[in-house]
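For reference, the structure is listed below as structure tokens.
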Amino acid sequence: MKVVGLDLAGKQENDTGLCFIEGSSVKILTVRTDVEIMEIVKTTDPDIIAVDAPLGFPEEGMYRDCDKKLKDMGYDVLSPNFPGMRVLVNRARSLVGKLSKMDGYDIIEVFSQASEDILPARRTCGMSEDEFDAFVCALTAKKYLEGEYKDMDGIVLPED
């Protein structure tokens, strides 16, 4: 089983955390550009990619149903329609489109803050916040492939 977790930044000049897990091997790094991400994905050929970024906008209003469910669980979810979030959503949608065209990769949306509360994952010394969030995304993807997940109307969380 091979998974990639991405804590995607809104702009390519900012740090994006990326984590690749295959078996017991874990590689965590910081990247910036879509080209870097696509090269790593092509090289690693994961079974699934978990992205910590909204992959769409609400049909109406400020929040999608999945965002509302997370808010009901007590999470501080930003609306995809906020200006800074719109940049992130547009980058995420563009990257997902590119990755889908490359090889039809399966891609899921995750919310690392909620996944971190469910999983027994803790940040180690020297790991940036972006890298840790990418690690949590990859663990969530692994749980998804193992069938140990819940779908919150489009956002995947590991089962508790």
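Letters for chains follow the order of the structure tokens (A, B, ...), residue numbers begin at 1 for each chain, and ligand numbers begin at 1 in the order shown.
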
Near-Gly56 (chain A) list (12 Å; only C-alpha atoms; drop same-chain fewer than 4 positions) as a compact mmCIF listing (two decimals) with N, CA and C atoms, in the first residue's frame:
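What follows is the written file result.txt:
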```txt
# COMPACT_ATOMS: atom_id res chain seq x y z
N GLU A 60 -24.13 27.03 -2.43
CA GLU A 60 -24.70 28.31 -2.00
C GLU A 60 -24.25 28.58 -0.58
N MET A 62 -21.87 30.12 2.53
CA MET A 62 -20.44 30.18 2.82
C MET A 62 -19.78 28.81 3.04
N TYR A 63 -20.58 27.81 3.43
CA TYR A 63 -20.01 26.52 3.82
C TYR A 63 -20.64 25.36 3.05
N ARG A 64 -19.82 24.36 2.78
CA ARG A 64 -20.31 23.11 2.20
C ARG A 64 -20.89 22.27 3.34
N ASP A 65 -21.65 21.24 3.01
CA ASP A 65 -22.22 20.36 4.05
C ASP A 65 -21.12 19.74 4.91
N CYS A 66 -20.02 19.32 4.27
CA CYS A 66 -18.93 18.71 5.03
C CYS A 66 -18.31 19.72 6.00
N ASP A 67 -18.20 20.97 5.58
CA ASP A 67 -17.67 22.01 6.48
C ASP A 67 -18.59 22.20 7.68
N SER A 79 -14.38 29.12 5.70
CA SER A 79 -15.20 28.99 4.50
C SER A 79 -14.32 28.97 3.25
N PRO A 80 -14.59 28.06 2.33
CA PRO A 80 -13.87 28.06 1.06
C PRO A 80 -14.06 29.37 0.28
N ASN A 81 -15.08 30.15 0.65
CA ASN A 81 -15.35 31.41 -0.04
C ASN A 81 -14.57 32.60 0.52
N MET A 85 -8.84 31.54 1.28
CA MET A 85 -9.21 30.14 1.04
C MET A 85 -9.54 29.91 -0.44
N ARG A 86 -10.10 30.91 -1.10
CA ARG A 86 -10.40 30.76 -2.53
C ARG A 86 -9.12 30.46 -3.32
N VAL A 87 -8.02 31.10 -2.92
CA VAL A 87 -6.73 30.86 -3.56
C VAL A 87 -6.34 29.39 -3.37
N LEU A 88 -6.50 28.88 -2.15
CA LEU A 88 -6.17 27.49 -1.85
C LEU A 88 -7.06 26.53 -2.61
N VAL A 89 -8.36 26.79 -2.62
CA VAL A 89 -9.30 25.91 -3.33
C VAL A 89 -8.96 25.87 -4.82
N ASN A 90 -8.69 27.02 -5.39
CA ASN A 90 -8.37 27.06 -6.82
C ASN A 90 -7.08 26.31 -7.13
N ARG A 91 -6.07 26.44 -6.26
CA ARG A 91 -4.84 25.67 -6.48
C ARG A 91 -5.11 24.18 -6.32
N ALA A 92 -5.85 23.81 -5.30
CA ALA A 92 -6.15 22.39 -5.06
C ALA A 92 -6.90 21.80 -6.25
N ARG A 93 -7.90 22.49 -6.74
CA ARG A 93 -8.68 21.99 -7.88
C ARG A 93 -7.81 21.85 -9.12
N SER A 94 -6.93 22.83 -9.35
CA SER A 94 -6.03 22.77 -10.49
C SER A 94 -5.07 21.59 -10.37
N VAL A 96 -5.43 18.84 -8.55
CA VAL A 96 -6.18 17.58 -8.67
C VAL A 96 -6.46 17.28 -10.13
N ILE A 108 -8.49 12.09 -2.25
CA ILE A 108 -9.53 12.37 -1.26
C ILE A 108 -9.19 13.67 -0.54
N GLU A 109 -10.23 14.34 -0.07
CA GLU A 109 -10.06 15.52 0.75
C GLU A 109 -10.08 15.10 2.21
N GLY A 154 -17.88 14.20 1.93
CA GLY A 154 -16.80 14.61 1.04
C GLY A 154 -15.46 14.75 1.70
N ILE A 155 -15.42 14.92 3.00
CA ILE A 155 -14.16 14.95 3.74
C ILE A 155 -14.00 13.61 4.44
```

Requested in this report: Report the residues of region 15-157 of chain A whose backbone DSSP state falls under strand (DSSP E), written as a VMD selection string.
Outcome: chain A and resid 16 to 22 25 to 31 48 to 51 107 to 110 149 to 152 155 to 157

Report task. Excluding Ile21 (chain A) and any residue of its chain fewer than 6 positions from it, enumerate the residues within 7 Å of it, using only C-alpha atoms, and give them as JSON, numbers by chain. Result -> {"A": [2, 3, 4, 27, 138]}

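In this comparison, which uses only C-alpha atoms, the residue of A:Lys11, A:Met152, A:Glu131, A:Asp52 approaching Lys71 (chain A) most closely is A:Met152.
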
Query raised in the report: When distances are computed from only C-alpha atoms, which of A:Thr124, A:Thr44, A:Ser100, A:Thr30 shows the smallest separation from Asp7 (chain A)?
Result: A:Thr30

Query - DSSP-assigned alpha helix (DSSP H) among region 8-100 of chain A, expressed as a ChimeraX atom specification - result: /A:34-44,65-72,83-100

How would the residues just picked look written out with N, CA and C atoms as an mmCIF file, in the first residue's frame?
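Listing of again.cif after writing:
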```cif
data_model
loop_
_atom_site.group_PDB
_atom_site.id
_atom_site.type_symbol
_atom_site.label_atom_id
_atom_site.label_comp_id
_atom_site.auth_asym_id
_atom_site.auth_seq_id
_atom_site.Cartn_x
_atom_site.Cartn_y
_atom_site.Cartn_z
ATOM 1 N N ASP A 34 3.698 22.900 -7.974
ATOM 2 C CA ASP A 34 2.898 21.794 -8.493
ATOM 3 C C ASP A 34 3.778 20.812 -9.259
ATOM 4 N N VAL A 35 4.774 21.330 -9.959
ATOM 5 C CA VAL A 35 5.678 20.458 -10.724
ATOM 6 C C VAL A 35 6.410 19.512 -9.777
ATOM 7 N N GLU A 36 6.916 20.025 -8.651
ATOM 8 C CA GLU A 36 7.586 19.166 -7.670
ATOM 9 C C GLU A 36 6.634 18.085 -7.159
ATOM 10 N N ILE A 37 5.417 18.484 -6.837
ATOM 11 C CA ILE A 37 4.425 17.531 -6.324
ATOM 12 C C ILE A 37 4.139 16.464 -7.367
ATOM 13 N N MET A 38 3.916 16.882 -8.604
ATOM 14 C CA MET A 38 3.584 15.922 -9.661
ATOM 15 C C MET A 38 4.745 14.973 -9.944
ATOM 16 N N GLU A 39 5.975 15.465 -9.866
ATOM 17 C CA GLU A 39 7.144 14.589 -10.074
ATOM 18 C C GLU A 39 7.228 13.523 -8.986
ATOM 19 N N ILE A 40 7.004 13.922 -7.739
ATOM 20 C CA ILE A 40 7.056 12.963 -6.633
ATOM 21 C C ILE A 40 5.921 11.948 -6.768
ATOM 22 N N VAL A 41 4.739 12.419 -7.101
ATOM 23 C CA VAL A 41 3.607 11.506 -7.278
ATOM 24 C C VAL A 41 3.893 10.521 -8.400
ATOM 25 N N LYS A 42 4.422 11.008 -9.501
ATOM 26 C CA LYS A 42 4.733 10.124 -10.629
ATOM 27 C C LYS A 42 5.778 9.081 -10.226
ATOM 28 N N THR A 43 6.787 9.506 -9.481
ATOM 29 C CA THR A 43 7.856 8.604 -9.048
ATOM 30 C C THR A 43 7.357 7.562 -8.047
ATOM 31 N N THR A 44 6.514 7.990 -7.110
ATOM 32 C CA THR A 44 6.063 7.083 -6.049
ATOM 33 C C THR A 44 4.853 6.255 -6.463
ATOM 34 N N ASP A 65 -21.651 21.239 3.007
ATOM 35 C CA ASP A 65 -22.220 20.364 4.049
ATOM 36 C C ASP A 65 -21.124 19.736 4.907
ATOM 37 N N CYS A 66 -20.025 19.324 4.272
ATOM 38 C CA CYS A 66 -18.926 18.711 5.029
ATOM 39 C C CYS A 66 -18.306 19.720 5.996
ATOM 40 N N ASP A 67 -18.204 20.972 5.582
ATOM 41 C CA ASP A 67 -17.667 22.010 6.477
ATOM 42 C C ASP A 67 -18.590 22.201 7.677
ATOM 43 N N LYS A 68 -19.889 22.202 7.429
ATOM 44 C CA LYS A 68 -20.869 22.375 8.509
ATOM 45 C C LYS A 68 -20.776 21.221 9.506
ATOM 46 N N LYS A 69 -20.571 20.002 9.008
ATOM 47 C CA LYS A 69 -20.445 18.848 9.902
ATOM 48 C C LYS A 69 -19.211 18.982 10.796
ATOM 49 N N LEU A 70 -18.115 19.450 10.213
ATOM 50 C CA LEU A 70 -16.905 19.647 11.009
ATOM 51 C C LEU A 70 -17.105 20.764 12.028
ATOM 52 N N LYS A 71 -17.805 21.812 11.644
ATOM 53 C CA LYS A 71 -18.095 22.899 12.592
ATOM 54 C C LYS A 71 -18.965 22.374 13.736
ATOM 55 N N ASP A 72 -19.928 21.502 13.407
ATOM 56 C CA ASP A 72 -20.779 20.906 14.441
ATOM 57 C C ASP A 72 -19.966 20.040 15.409
ATOM 58 N N PRO A 83 -11.485 35.000 0.918
ATOM 59 C CA PRO A 83 -10.495 35.303 -0.130
ATOM 60 C C PRO A 83 -9.237 34.428 -0.088
ATOM 61 N N GLY A 84 -8.596 34.283 1.076
ATOM 62 C CA GLY A 84 -7.390 33.454 1.166
ATOM 63 C C GLY A 84 -7.667 31.995 0.877
ATOM 64 N N MET A 85 -8.836 31.535 1.280
ATOM 65 C CA MET A 85 -9.214 30.138 1.038
ATOM 66 C C MET A 85 -9.541 29.907 -0.438
ATOM 67 N N ARG A 86 -10.097 30.905 -1.101
ATOM 68 C CA ARG A 86 -10.400 30.764 -2.535
ATOM 69 C C ARG A 86 -9.121 30.463 -3.315
ATOM 70 N N VAL A 87 -8.023 31.104 -2.924
ATOM 71 C CA VAL A 87 -6.729 30.855 -3.565
ATOM 72 C C VAL A 87 -6.339 29.392 -3.372
ATOM 73 N N LEU A 88 -6.498 28.883 -2.152
ATOM 74 C CA LEU A 88 -6.166 27.491 -1.849
ATOM 75 C C LEU A 88 -7.062 26.527 -2.612
ATOM 76 N N VAL A 89 -8.358 26.788 -2.624
ATOM 77 C CA VAL A 89 -9.297 25.911 -3.330
ATOM 78 C C VAL A 89 -8.965 25.870 -4.824
ATOM 79 N N ASN A 90 -8.691 27.020 -5.393
ATOM 80 C CA ASN A 90 -8.371 27.061 -6.824
ATOM 81 C C ASN A 90 -7.082 26.307 -7.130
ATOM 82 N N ARG A 91 -6.071 26.443 -6.259
ATOM 83 C CA ARG A 91 -4.837 25.674 -6.475
ATOM 84 C C ARG A 91 -5.108 24.179 -6.325
ATOM 85 N N ALA A 92 -5.854 23.807 -5.295
ATOM 86 C CA ALA A 92 -6.154 22.389 -5.062
ATOM 87 C C ALA A 92 -6.903 21.798 -6.252
ATOM 88 N N ARG A 93 -7.898 22.494 -6.735
ATOM 89 C CA ARG A 93 -8.678 21.992 -7.878
ATOM 90 C C ARG A 93 -7.812 21.853 -9.125
ATOM 91 N N SER A 94 -6.935 22.833 -9.347
ATOM 92 C CA SER A 94 -6.035 22.773 -10.494
ATOM 93 C C SER A 94 -5.072 21.590 -10.373
ATOM 94 N N LEU A 95 -4.484 21.414 -9.187
ATOM 95 C CA LEU A 95 -3.541 20.311 -8.971
ATOM 96 C C LEU A 95 -4.239 18.962 -9.110
ATOM 97 N N VAL A 96 -5.425 18.836 -8.549
ATOM 98 C CA VAL A 96 -6.176 17.583 -8.668
ATOM 99 C C VAL A 96 -6.457 17.276 -10.135
ATOM 100 N N GLY A 97 -6.804 18.293 -10.900
ATOM 101 C CA GLY A 97 -7.036 18.090 -12.331
ATOM 102 C C GLY A 97 -5.795 17.593 -13.040
ATOM 103 N N LYS A 98 -4.652 18.177 -12.717
ATOM 104 C CA LYS A 98 -3.382 17.760 -13.328
ATOM 105 C C LYS A 98 -3.037 16.325 -12.940
ATOM 106 N N LEU A 99 -3.206 15.996 -11.662
ATOM 107 C CA LEU A 99 -2.884 14.645 -11.192
ATOM 108 C C LEU A 99 -3.828 13.615 -11.799
ATOM 109 N N SER A 100 -5.085 13.976 -11.940
ATOM 110 C CA SER A 100 -6.058 13.053 -12.541
ATOM 111 C C SER A 100 -5.715 12.788 -14.001
#
```

Query raised in the report: What lies within 6 Å of Cys137 (chain A) using only C-alpha atoms, ignoring chain neighbours under 6 positions off, as a PyMOL selection string?
Result: chain A and resi 5+50+112

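Interatomic distance, CA of Glu22 (chain A) to CA of Lys142 (chain A): 9.5 Å.
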
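Excluding Glu159 (chain A) itself and same-chain residues fewer than 6 positions from it, the residues having an atom within 12 Å of it are Ala114, Ser115, Glu116, Asp117, Ile118, Leu119, Pro120, Leu139, Thr140, Ala141, Lys142, Lys143, Tyr144, Glu146, Gly147, Glu148, Tyr149, Lys150, Asp151 and Met152 of chain A, counting only C-alpha atoms.
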
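What separates CA of Asp133 (chain A) from CA of Gly10 (chain A) is a distance of 14.7 Å.
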
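Atom pair CA of Asp130 (chain A) / CA of Leu78 (chain A): separated by 17.5 Å.
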